[in-house]
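Structure file target_1.cif (mmCIF, C-alpha atoms) is printed below.
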data_target
#
loop_
_atom_site.label_atom_id
_atom_site.label_comp_id
_atom_site.auth_asym_id
_atom_site.auth_seq_id
_atom_site.Cartn_x
_atom_site.Cartn_y
_atom_site.Cartn_z
CA MET E 21 -26.34 -22.81 20.35
CA ALA E 22 -23.00 -21.07 20.16
CA GLU E 23 -22.77 -17.45 21.31
CA PRO E 24 -22.46 -14.91 18.49
CA LEU E 25 -18.96 -13.53 18.07
CA PRO E 26 -18.50 -9.91 19.21
CA SER E 27 -18.65 -7.43 16.33
CA GLY E 28 -15.38 -5.99 15.12
CA PRO E 29 -14.13 -3.23 12.86
CA SER E 30 -14.90 -3.36 9.14
CA LYS E 31 -12.45 -5.18 6.89
CA VAL E 32 -11.64 -1.97 5.00
CA LEU E 33 -10.86 -0.06 8.20
CA GLU E 34 -8.69 -2.90 9.46
CA ALA E 35 -6.89 -3.14 6.12
CA ILE E 36 -6.08 0.60 6.17
CA VAL E 37 -4.83 0.52 9.77
CA GLY E 38 -2.99 -2.75 9.09
CA LEU E 39 -1.08 -1.13 6.25
CA LEU E 40 0.27 1.49 8.64
CA VAL E 41 1.46 -1.03 11.26
CA PRO E 42 4.89 -2.61 10.62
CA PRO E 43 4.50 -6.32 9.72
CA ALA E 44 6.68 -7.56 12.60
CA CYS E 45 4.14 -6.44 15.21
CA ARG E 46 0.99 -6.33 13.04
CA GLU E 47 -0.50 -9.56 14.39
CA GLU E 48 -0.60 -8.56 18.07
CA VAL E 49 -1.30 -4.84 17.55
CA MET E 50 -4.21 -5.49 15.18
CA GLY E 51 -5.52 -8.16 17.58
CA ASP E 52 -5.34 -5.77 20.54
CA LEU E 53 -7.08 -3.01 18.56
CA HIS E 54 -9.77 -5.51 17.52
CA GLU E 55 -10.27 -6.56 21.13
CA LYS E 56 -10.66 -2.95 22.27
CA TYR E 57 -13.13 -2.13 19.49
CA THR E 58 -16.36 -0.45 20.58
CA GLY E 59 -17.14 1.62 17.47
CA PRO E 60 -15.54 2.92 14.26
CA ALA E 61 -14.73 6.37 15.70
CA GLN E 62 -13.18 4.90 18.86
CA TYR E 63 -11.21 2.41 16.74
CA LEU E 64 -9.81 5.16 14.51
CA LEU E 65 -8.94 7.37 17.46
CA LEU E 66 -7.18 4.50 19.23
CA ALA E 67 -5.36 3.54 16.02
CA LEU E 68 -4.21 7.15 15.56
CA GLN E 69 -2.85 7.07 19.09
CA VAL E 70 -1.22 3.63 18.89
CA VAL E 71 0.20 3.44 15.33
CA PRO E 72 2.77 6.30 15.65
CA CYS E 73 4.08 4.77 18.89
CA VAL E 74 4.33 1.35 17.27
CA ILE E 75 6.20 2.78 14.26
CA VAL E 76 8.59 4.74 16.49
CA GLY E 77 9.15 1.64 18.65
CA ARG E 78 9.83 -0.48 15.60
CA ILE E 79 12.23 2.12 14.11
CA ARG E 80 14.06 2.28 17.44
CA ARG E 81 14.41 -1.50 17.37
CA THR E 82 15.48 -1.98 13.78
CA THR E 83 17.61 1.12 13.27
CA ASP E 84 21.12 1.32 14.57
CA ALA E 85 21.85 4.96 15.47
CA LEU E 86 25.52 4.64 14.55
CA VAL E 87 24.79 3.13 11.13
CA LEU E 88 22.12 5.77 10.46
CA LEU E 89 24.56 8.54 11.41
CA THR E 90 27.19 7.02 9.09
CA GLU E 91 24.60 6.89 6.30
CA ALA E 92 23.60 10.54 6.98
CA LEU E 93 27.22 11.65 6.72
CA LEU E 94 27.73 9.63 3.54
CA ILE E 95 24.61 11.01 1.86
CA TYR E 96 25.40 14.60 2.84
CA GLY E 97 29.06 14.15 1.87
CA SER E 98 28.06 12.71 -1.53
CA PHE E 99 25.93 15.73 -2.37
CA LEU E 100 28.59 18.10 -1.08
CA ALA E 101 31.27 16.39 -3.19
CA ALA E 102 29.01 16.35 -6.26
CA ILE E 103 28.34 20.10 -5.99
CA TRP E 104 32.04 20.72 -5.39
CA TYR E 105 32.78 18.74 -8.56
CA THR E 106 30.09 20.33 -10.78
CA ASP E 107 29.79 23.93 -9.57
CA LYS E 108 31.98 25.13 -6.71
CA THR E 109 30.47 28.62 -6.69
CA ARG E 110 27.17 27.23 -5.31
CA LEU E 111 28.98 26.35 -2.09
CA LEU E 112 29.65 30.04 -1.43
CA ASP E 113 25.97 30.41 -0.58
CA PRO E 114 25.47 29.23 3.04
CA TRP E 115 21.85 28.28 2.27
CA GLU E 116 23.13 25.76 -0.27
CA LEU E 117 24.69 23.79 2.59
CA VAL E 118 21.34 23.86 4.41
CA ARG E 119 19.46 22.79 1.26
CA LEU E 120 21.70 19.71 1.04
CA ALA E 121 20.02 18.50 4.21
CA ILE E 122 16.72 18.05 2.28
CA PRO E 123 17.69 14.95 0.23
CA THR E 124 19.73 13.69 3.20
CA GLY E 125 16.76 13.91 5.55
CA LEU E 126 14.34 12.40 3.03
CA ASN E 127 16.64 9.45 2.37
CA LEU E 128 17.16 8.85 6.08
CA ILE E 129 13.39 8.81 6.72
CA ALA E 130 12.93 6.37 3.82
CA LEU E 131 15.74 4.15 5.16
CA ALA E 132 14.36 4.12 8.72
CA LEU E 133 10.86 3.23 7.46
CA GLU E 134 12.30 0.60 5.15
CA HIS E 135 14.07 -1.08 8.07
CA ALA E 136 10.97 -0.88 10.26
CA TRP E 137 8.69 -2.45 7.64
CA ASP E 138 11.20 -4.86 6.13
CA PHE E 139 11.26 -3.74 2.54
CA GLU E 140 10.32 -7.08 0.97
CA ALA E 141 7.07 -6.87 -1.03
CA ARG E 142 5.93 -3.63 0.56
CA TRP E 143 5.11 -1.56 -2.48
CA PRO E 144 3.86 1.56 -0.61
CA LEU E 145 7.34 1.82 0.87
CA MET E 146 8.80 1.35 -2.57
CA LEU E 147 6.91 4.52 -3.50
CA ILE E 148 8.39 6.38 -0.51
CA ARG E 149 11.88 5.15 -1.36
CA GLY E 150 11.31 5.90 -5.04
CA GLY E 151 10.13 9.39 -4.16
CA ALA E 152 13.18 10.04 -1.96
CA ILE E 153 15.49 8.82 -4.73
CA GLY E 154 13.59 10.87 -7.33
CA ILE E 155 13.95 14.08 -5.29
CA SER E 156 17.63 13.29 -4.69
CA ILE E 157 18.17 12.88 -8.44
CA ALA E 158 16.35 16.12 -9.19
CA PHE E 159 18.55 17.80 -6.59
CA ASN E 160 21.83 16.53 -7.94
CA THR E 161 22.19 13.44 -10.14
CA TYR E 162 25.81 12.72 -9.28
CA GLY E 163 25.20 13.22 -5.57
CA ALA E 164 22.19 10.89 -5.67
CA CYS E 165 24.21 8.23 -7.49
CA ALA E 166 27.17 8.38 -5.11
CA SER E 167 24.97 8.41 -2.00
CA LEU E 168 22.92 5.42 -3.22
CA ALA E 169 26.05 3.40 -3.93
CA LEU E 170 27.65 4.26 -0.57
CA VAL E 171 24.46 3.68 1.46
CA SER E 172 23.95 0.33 -0.29
CA ALA E 173 27.47 -0.68 0.73
CA VAL E 174 26.75 0.27 4.37
CA GLU E 175 23.44 -1.63 4.24
CA ILE E 176 25.20 -4.75 2.99
CA LEU E 177 27.92 -4.51 5.65
CA PHE E 178 25.59 -3.65 8.53
CA ARG E 179 22.37 -5.44 7.72
CA PRO E 180 19.54 -4.11 9.92
CA GLY E 181 17.46 -6.47 12.10
CA ALA E 182 15.00 -8.46 10.01
CA ASN E 183 11.51 -9.63 10.97
CA LEU E 184 11.87 -12.90 12.79
CA PRO E 185 8.60 -13.43 14.67
CA GLU E 186 9.38 -17.12 15.15
CA GLY E 187 12.37 -16.15 17.27
CA ALA E 188 10.45 -13.65 19.37
CA ALA E 189 11.13 -15.64 22.52
CA GLY E 190 14.62 -14.12 22.65
CA PRO E 191 15.51 -10.51 23.45
CA ALA E 192 15.63 -8.21 20.41
CA LEU E 193 19.38 -7.72 20.79
CA TRP E 194 19.91 -11.44 20.15
CA LEU E 195 17.56 -11.30 17.18
CA LYS E 196 19.57 -8.39 15.78
CA GLN E 197 22.81 -10.31 16.18
CA ARG E 198 21.27 -13.45 14.70
CA SER E 199 20.06 -11.59 11.64
CA GLN E 200 23.48 -10.17 10.77
CA SER E 201 24.06 -12.89 8.20
CA ALA E 202 20.69 -12.30 6.51
CA VAL E 203 20.50 -11.87 2.74
CA VAL E 204 20.69 -8.45 1.08
CA SER E 205 17.30 -6.75 1.25
CA MET E 206 15.18 -5.84 -1.75
CA GLY E 207 15.66 -2.15 -0.93
CA THR E 208 19.44 -2.47 -1.06
CA LYS E 209 19.28 -4.35 -4.37
CA PHE E 210 16.97 -1.64 -5.70
CA SER E 211 19.37 1.10 -4.58
CA ILE E 212 22.33 -0.64 -6.20
CA ALA E 213 20.38 -1.10 -9.46
CA VAL E 214 19.33 2.58 -9.52
CA ALA E 215 22.89 3.72 -8.70
CA THR E 216 24.24 1.56 -11.55
CA VAL E 217 21.72 2.98 -14.03
CA ILE E 218 22.49 6.58 -13.02
CA THR E 219 26.22 5.93 -13.29
CA LEU E 220 25.79 4.52 -16.80
CA GLU E 221 23.66 7.48 -17.78
CA ALA E 222 26.19 9.91 -16.34
CA ILE E 223 28.87 8.23 -18.49
CA ILE E 224 26.61 8.53 -21.58
CA GLN E 225 26.03 12.18 -20.71
CA ALA E 226 29.77 12.81 -20.38
CA LEU E 227 30.53 11.08 -23.69
CA THR E 228 27.65 12.38 -25.83
CA GLY E 229 26.68 15.62 -24.14
CA VAL E 230 23.01 14.48 -24.02
CA ARG E 231 21.30 14.72 -20.59
CA PRO E 232 19.05 11.69 -20.35
CA ALA E 233 19.88 11.04 -16.68
CA ILE E 234 16.85 12.40 -14.86
CA MET E 235 14.34 11.12 -17.41
CA GLY E 236 15.99 7.70 -17.61
CA ALA E 237 16.18 7.34 -13.85
CA ALA E 238 12.52 8.28 -13.51
CA ILE E 239 11.60 5.57 -16.03
CA ILE E 240 13.72 2.99 -14.17
CA ILE E 241 12.06 3.85 -10.84
CA ALA E 242 8.59 3.67 -12.43
CA VAL E 243 9.37 0.24 -13.93
CA ALA E 244 10.77 -1.02 -10.60
CA VAL E 245 7.70 0.19 -8.72
CA GLY E 246 5.43 -1.42 -11.32
CA MET E 247 7.29 -4.73 -11.03
CA GLN E 248 7.11 -4.62 -7.24
CA PHE E 249 3.39 -3.81 -7.33
CA ASN E 250 2.79 -6.71 -9.69
CA LYS E 251 4.80 -9.03 -7.45
CA SER E 252 2.89 -8.02 -4.31
CA ARG E 253 -0.44 -8.51 -6.12
CA LYS E 254 0.55 -12.05 -7.12
CA GLU E 255 1.57 -12.82 -3.51
CA MET P 29 24.90 -12.44 37.86
CA ALA P 30 24.46 -9.37 35.61
CA ARG P 31 23.29 -6.21 37.34
CA PRO P 32 20.04 -4.95 35.79
CA ASP P 33 19.69 -1.37 34.51
CA SER P 34 17.78 0.98 36.79
CA LEU P 35 14.12 1.26 35.81
CA GLY P 36 12.04 4.30 34.97
CA GLN P 37 8.72 4.76 36.75
CA PHE P 38 6.70 3.67 33.74
CA GLU P 39 8.88 0.61 33.26
CA GLN P 40 8.25 -0.29 36.91
CA LEU P 41 4.50 -0.04 36.30
CA VAL P 42 4.64 -2.27 33.23
CA LEU P 43 6.85 -4.85 34.95
CA THR P 44 4.52 -4.89 37.97
CA ALA P 45 1.55 -5.40 35.63
CA ILE P 46 3.32 -8.36 33.97
CA LEU P 47 4.20 -9.80 37.38
CA THR P 48 0.57 -9.55 38.51
CA LEU P 49 -0.98 -10.93 35.32
CA ARG P 50 1.39 -13.94 35.09
CA ASP P 51 0.35 -16.09 32.11
CA ASP P 52 -2.22 -13.60 30.81
CA ALA P 53 0.15 -10.66 30.29
CA TYR P 54 -0.43 -9.27 26.79
CA GLY P 55 -0.96 -5.76 25.31
CA VAL P 56 -4.57 -5.13 26.38
CA SER P 57 -4.37 -6.75 29.82
CA ILE P 58 -1.03 -5.05 30.60
CA HIS P 59 -2.54 -1.71 29.55
CA SER P 60 -5.57 -2.19 31.86
CA LYS P 61 -3.41 -3.21 34.82
CA ALA P 62 -0.86 -0.42 34.25
CA ALA P 63 -3.69 2.13 33.98
CA GLU P 64 -5.05 0.84 37.29
CA LEU P 65 -1.62 1.15 38.93
CA ALA P 66 -0.89 4.59 37.43
CA LYS P 67 -4.11 6.25 38.64
CA PRO P 68 -4.92 9.15 38.46
CA ARG P 69 -2.63 9.48 35.42
CA ASP P 70 -3.75 8.19 32.03
CA VAL P 71 -1.75 5.50 30.28
CA SER P 72 -1.84 5.10 26.49
CA LEU P 73 -1.70 1.73 24.76
CA GLY P 74 1.01 3.06 22.44
CA ALA P 75 3.27 3.89 25.39
CA ILE P 76 2.79 0.32 26.66
CA TYR P 77 4.03 -1.12 23.32
CA VAL P 78 7.09 1.14 23.28
CA THR P 79 7.96 0.22 26.88
CA LEU P 80 7.44 -3.50 26.28
CA ASP P 81 9.82 -3.33 23.31
CA ARG P 82 12.40 -1.53 25.43
CA LEU P 83 12.08 -4.02 28.29
CA GLU P 84 12.49 -6.88 25.84
CA ASP P 85 15.60 -5.23 24.39
CA LYS P 86 17.04 -4.96 27.89
CA GLY P 87 16.37 -8.67 28.42
CA LEU P 88 14.00 -8.02 31.35
CA VAL P 89 11.03 -9.72 29.68
CA THR P 90 10.53 -12.24 26.90
CA SER P 91 7.56 -12.69 24.60
CA ARG P 92 5.84 -15.41 22.61
CA LEU P 93 2.83 -15.52 20.30
CA SER P 94 -0.23 -17.40 21.58
CA ASP P 95 -2.81 -19.23 19.49
CA PRO P 96 -5.17 -17.09 17.37
CA ARG P 97 -8.43 -16.12 19.13
CA PRO P 98 -11.83 -15.42 17.50
CA GLU P 99 -12.50 -12.44 19.81
CA ARG P 100 -9.34 -10.86 18.40
CA GLY P 101 -10.44 -11.33 14.79
CA GLY P 102 -8.47 -14.58 14.50
CA ARG P 103 -5.22 -12.98 15.61
CA ALA P 104 -2.70 -14.14 18.18
CA LYS P 105 -1.70 -12.39 21.39
CA ARG P 106 1.90 -11.55 22.21
CA CYS P 107 2.26 -12.80 25.77
CA TYR P 108 5.02 -11.41 27.97
CA GLN P 109 6.89 -13.12 30.77
CA LEU P 110 9.17 -11.66 33.41
CA GLU P 111 12.77 -12.89 33.22
CA ALA P 112 15.06 -13.37 36.24
CA LEU P 113 16.84 -10.10 35.37
CA GLY P 114 13.48 -8.31 35.23
CA GLU P 115 12.43 -9.70 38.60
CA ARG P 116 15.69 -8.53 40.11
CA ALA P 117 15.33 -5.05 38.60
CA LEU P 118 11.79 -4.81 39.96
CA GLN P 119 12.89 -5.99 43.40
CA GLU P 120 15.60 -3.31 43.47
CA SER P 121 13.10 -0.63 42.41
CA ALA P 122 10.61 -1.75 45.06
CA ALA P 123 13.33 -1.70 47.72
CA THR P 124 14.34 1.84 46.69
CA ALA P 125 10.70 2.97 46.75
CA LYS P 126 10.32 1.44 50.22
CA ARG P 127 13.40 3.31 51.48
CA ILE P 128 12.06 6.61 50.06
CA TRP P 129 8.69 5.92 51.70
CA ASP P 130 10.31 5.20 55.08
CA VAL P 131 12.46 8.35 55.01
CA THR P 132 9.68 10.70 53.88
CA THR P 133 7.29 9.28 56.47
CA GLU P 134 9.90 9.74 59.16
CA ILE P 135 10.45 13.39 58.20
CA TRP P 136 6.92 14.48 57.32
CA GLY P 137 5.23 12.41 59.98
CA LYS P 138 2.78 9.52 60.07
CA GLU P 139 -0.18 11.82 59.45
CA TRP P 140 1.23 12.72 56.02
CA ALA P 141 1.57 9.05 55.13
CA LYS P 142 -2.16 8.56 55.70
CA VAL P 143 -3.14 11.35 53.28
CA PRO P 144 -2.00 9.72 50.03
CA ARG P 145 -3.49 6.40 51.13
CA LYS P 146 -6.85 8.09 51.70
CA GLN P 147 -6.60 9.77 48.29
CA TRP P 148 -5.76 6.49 46.55
CA GLY P 149 -8.63 4.82 48.35
CA LYS P 150 -11.05 7.42 46.98
CA GLN P 151 -9.64 7.20 43.44
CA ASN P 152 -9.88 3.43 43.40
CA GLY P 153 -13.51 3.64 44.51
#
Starting from the file, lay out its structure as structure tokens.
Amino acid sequence: MAEPLPSGPSKVLEAIVGLLVPPACREEVMGDLHEKYTGPAQYLLLALQVVPCVIVGRIRRTTDALVLLTEALLIYGSFLAAIWYTDKTRLLDPWELVRLAIPTGLNLIALALEHAWDFEARWPLMLIRGGAIGISIAFNTYGACASLALVSAVEILFRPGANLPEGAAGPALWLKQRSQSAVVSMGTKFSIAVATVITLEAIIQALTGVRPAIMGAAIIIAVAVGMQFNKSRKE
Amino acid sequence: MARPDSLGQFEQLVLTAILTLRDDAYGVSIHSKAAELAKPRDVSLGAIYVTLDRLEDKGLVTSRLSDPRPERGGRAKRCYQLEALGERALQESAATAKRIWDVTTEIWGKEWAKVPRKQWGKQNG
């Protein structure tokens, strides 16, 4: 008679932890956690210890510091230019310059996580990205639009490393170089679409005097999130 | 031949663990071996993953996925292998450690050299 298999964590617990681990290393990390399982509390404690390290490691691997710095400057510059264009007097307040760092920081976090997870069909990340875009729009519509368009251009030119587990036999640097010609990510397409919509709405606002921008953008993001959710459910 | 980057102490531990484990070097086994080598300090599994990623980026190790195993909930292991560059980096680190050992023993005396050995013996049971 075959030996009974050792007990493991519950499916729900594994699913929750699995959601937090980037897909590129999910297989081995979840396997290792399963192997070390002795009880639910120990499993959770170990996961809490391991998952942040895995995320940081993945971000370090998939994010190019130079590209991220360029994106930070572009986002901050976009908001600065937008405020300069709409209301110069706000720039006299030094705290206004500090406040501009809020949408910049949020967008950078969303971008780093997006690269680490590989944005395709990851609807929880879509919510993070949507939230970052939403806050940016609430902060300054024109700044959000310009930063999205510029960041999308950088993302297309300097595509971050994609998940290529089949090529894991080579050092990550080679994988990064190999993935340069990869297709434009879902996140970038999403950013371009949102930037286009906001631009159109800004034009409507300028021509008609009506301010539908924030409301319209919120609807677009909600529809995009809904579509993504539906897509991931089908998959 | 390319000159390898100098290694940090933790990287040396992880590379030594991979060298010792040979074909069975994956996350859990590397963690156990590194913890054994690092005594009395604790080693976290998360730190092992970060270091393995960094070593792979430097081209010192390579990895491949094994077949799925039932004891791992049907998941595969990521097995690591030392590359020639990694072996060379580890050899250089070991040679440096040996030189430090020789010099300190010469200055502090042979009696001092016995103390840490006794302590390690006690810690390793």
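CA of Ala102 in chain E is found 19.4 Å from CA of Val174 in chain E.
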For this session: Specify as a PyMOL selection string each residue included when the PyMOL selection byres ((chain P) within 9 of (chain E)) is applied to this file.
Result: chain P and resi 54-56+72-75+77-79+81-93+96-106
Padding 3 Å on every side, please: axis-aligned box over the listed atoms of range 42-58 of chain P, centre and edge lengths to one decimal in Å, as JSON.
{"center_x": 1.1, "center_y": -9.2, "center_z": 31.9, "size_x": 17.4, "size_y": 19.8, "size_z": 19.2}
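Coordinates place CA of Asp95 in chain P at a distance of 20.4 Å from CA of Val41 in chain E.
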Exercise. In Å, with one decimal, what is the gap from CA of Leu35 in chain P to CA of Glu134 in chain P?
Worked result: 25.2 Å
What would the selection look like, as a short mmCIF file (atom, residue, chain, number, x, y, z; two decimals) with C-alpha atoms, in the coordinates of the input, if the PyMOL selection byres ((chain E and resi 90-99) around 8) were run on the coordinates I just shared?
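Contents of expr_27.cif, as written:
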data_model
loop_
_atom_site.label_atom_id
_atom_site.label_comp_id
_atom_site.auth_asym_id
_atom_site.auth_seq_id
_atom_site.Cartn_x
_atom_site.Cartn_y
_atom_site.Cartn_z
CA LEU E 86 25.52 4.64 14.55
CA VAL E 87 24.79 3.13 11.13
CA LEU E 88 22.12 5.77 10.46
CA LEU E 89 24.56 8.54 11.41
CA LEU E 100 28.59 18.10 -1.08
CA ALA E 101 31.27 16.39 -3.19
CA ALA E 102 29.01 16.35 -6.26
CA ILE E 103 28.34 20.10 -5.99
CA LEU E 120 21.70 19.71 1.04
CA ALA E 121 20.02 18.50 4.21
CA THR E 124 19.73 13.69 3.20
CA GLY E 125 16.76 13.91 5.55
CA LEU E 128 17.16 8.85 6.08
CA ASN E 160 21.83 16.53 -7.94
CA TYR E 162 25.81 12.72 -9.28
CA GLY E 163 25.20 13.22 -5.57
CA ALA E 164 22.19 10.89 -5.67
CA ALA E 166 27.17 8.38 -5.11
CA SER E 167 24.97 8.41 -2.00
CA LEU E 168 22.92 5.42 -3.22
CA LEU E 170 27.65 4.26 -0.57
CA VAL E 171 24.46 3.68 1.46
CA VAL E 174 26.75 0.27 4.37
#
For this session: Anything within 12 Å of (-0.3, -9.9, 36.9): list those residues as a PyMOL selection string, counting all atoms listed in the file and sticking to the file's coordinates.
Result: chain P and resi 41-54+57-62+64-65+107-110
Give me the residues near Leu131 in chain E as a CSV table (one decimal) with C-alpha atoms, keeping the file's coordinate frame, where near means some atom within 9 Å (using only C-alpha atoms) and where sequence neighbours in that chain fewer than 3 positions away do not count.
chain,number,residue,atom,x,y,z
E,83,THR,CA,17.6,1.1,13.3
E,88,LEU,CA,22.1,5.8,10.5
E,126,LEU,CA,14.3,12.4,3.0
E,127,ASN,CA,16.6,9.4,2.4
E,128,LEU,CA,17.2,8.8,6.1
E,134,GLU,CA,12.3,0.6,5.2
E,135,HIS,CA,14.1,-1.1,8.1
E,136,ALA,CA,11.0,-0.9,10.3
E,149,ARG,CA,11.9,5.2,-1.4
E,207,GLY,CA,15.7,-2.2,-0.9
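Distance annotation: of E:Phe159, E:Ser211, E:Ile129, E:Ile176, the residue with the minimal separation from Glu116 in chain E is E:Phe159; atom set is all atoms listed in the file.
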For this session: Within 9 Å of Ser34 in chain P, counting only C-alpha atoms, which residues show up once you throw out same-chain ones fewer than 5 positions away? Write them as a PyMOL selection string, please.
Result: chain P and resi 117-118+120-121
